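Trainee: Just dropping this structure here.
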Amino acid sequence: MRVLVVEDDPELADAIGVGLRREQMAVDLALDGDAGLERALAYGYDVIVLDRDIPLIHGDEVCAHLIKAGCRSRVLMLTAAATIEDRVDGLALGADDYLPKPFAFAELVARIRALFRRAQPALPPILECGDLRLDPGKRVASRGDRLLELGPKEFGALELLLAASGRVVSAEELLDRVWDEMADPCTTSVKVTISRLRRKLGEPSSIETIAQAGYRISA
């Protein structure tokens with residue numbers, strides 16, 4: 001899952017970024033509305049966490065621009081607004097959810113994951129193929145009776161491949177959905193991660209390489 005956090009408080013933005021990365025999400029940060037809007041329109045984020053009161057371009061305007069541009073990202077608006085009317089205004093602009101400040105980090109994570117599920121075709125709560133099993137909610141994966149110790153990128157790649165249900169997933173899609181904007185598209189990051197994932201999954205190999213196309217999971 002790839003998330004954009006638009007928050008003008010650098011310490012809060014960094015804390016949210018660190019916490020979400022620990023939850024195995026790819027996270028980009030923007031400290032004002034102008035940078036946030038630019039990133040939101042340039043990358044295919046699954047969820048955008050948008051503070052309402054941000055400089056240069058107000059969060060309300062950012063949200064309105066995204067809706068007008070046909071952006072398909074889900075928007076979770078953060079607001080210190082004290083009244084229900086103020087919060088409803090944000091939803092009326094097209095935000096998918098709101099979270100009042102101050103908030104519990106666990107609730108932020110739960111709301112982001114809920115928005116991500118809404119943005120995707122309906123998927124079973126447990127992703128399975130053959131003896132491979134992945135629980136996105138608990139962030140655990142196993143093969144047969146063996147628990148897999150996967151790094152964040154390995155887990156994200158396996159989740160995306162299993163969710164594709166046999167569809168070929170390109171290296172570009174993996175890079176876009178599992179890595180953040182700091183990833184160099186010219187590197188071999190995806191290839192190296194898939195290679196490590198194959199080793200951890202063991203034999204027989206479940207990840208098939210499709211020449212000039214990408215990767216897919218086979219039973």
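By order of appearance in the structure tokens: chains A, B, ..., then residues from 1 within every chain, and ligands from 1 in the order shown.
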Can I get the residues of stretch 104-145 of chain A within 12 Å of stretch 185-205 of chain A, each with the closest pair of atoms and their distance in Å to one decimal, using only C-alpha atoms, sorted chain first then ascending number, as a tab-separated table?
Mentor:
residue	atom	partner	partner_atom	distance
A:Gly130	CA	A:Pro204	CA	11.1
A:Asp131	CA	A:Leu201	CA	10.4
A:Leu132	CA	A:Leu201	CA	8.6
A:Arg133	CA	A:Leu201	CA	11.1
A:Ala141	CA	A:Leu201	CA	10.0
A:Ser142	CA	A:Leu201	CA	8.6
A:Arg143	CA	A:Leu201	CA	7.0
A:Gly144	CA	A:Leu201	CA	10.1
A:Asp145	CA	A:Leu201	CA	12.0
Trainee: Could you tell me, as a PyMOL selection string, which residues of stretch 28-138 of chain A DSSP assigns to helix (DSSP H, G or I) when given the backbone?
Mentor: chain A and resi 33-42+59-68+84-92+105-119
Trainee: Might you pull out every residue within 8 Å of A:Leu162, with only C-alpha atoms counted and same-chain residues fewer than 3 positions away left off, and present them as an MDAnalysis selection string?
Mentor: chainID A and resid 127:129 158:159 165:166 217
Trainee: Residues at most 7 Å from A:Met25, counting only C-alpha atoms, excluding those fewer than 2 positions away in the same chain, as a list in words?
Mentor: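 Here the qualifying residues turn out to be Met1, Arg2, Val3, Leu20, Arg21, Glu23 and Val27 of chain A.
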Trainee: Taking into account only C-alpha atoms, which residue in the set A:Ala104, A:Ile67, A:Ile112, A:Leu175 is nearest to A:Leu41?
Mentor: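 Looking only at the distances to A:Leu41, the closest residue turns out to be A:Ile67.
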Trainee: Counting only C-alpha atoms, what is within 12 Å of A:Ser73, bar same-chain residues fewer than 5 positions away, as an NGL selection string?
Mentor: :A and (1-4 or 37 or 39-50 or 63 or 66-67 or 94-96 or 112 or 115-120)
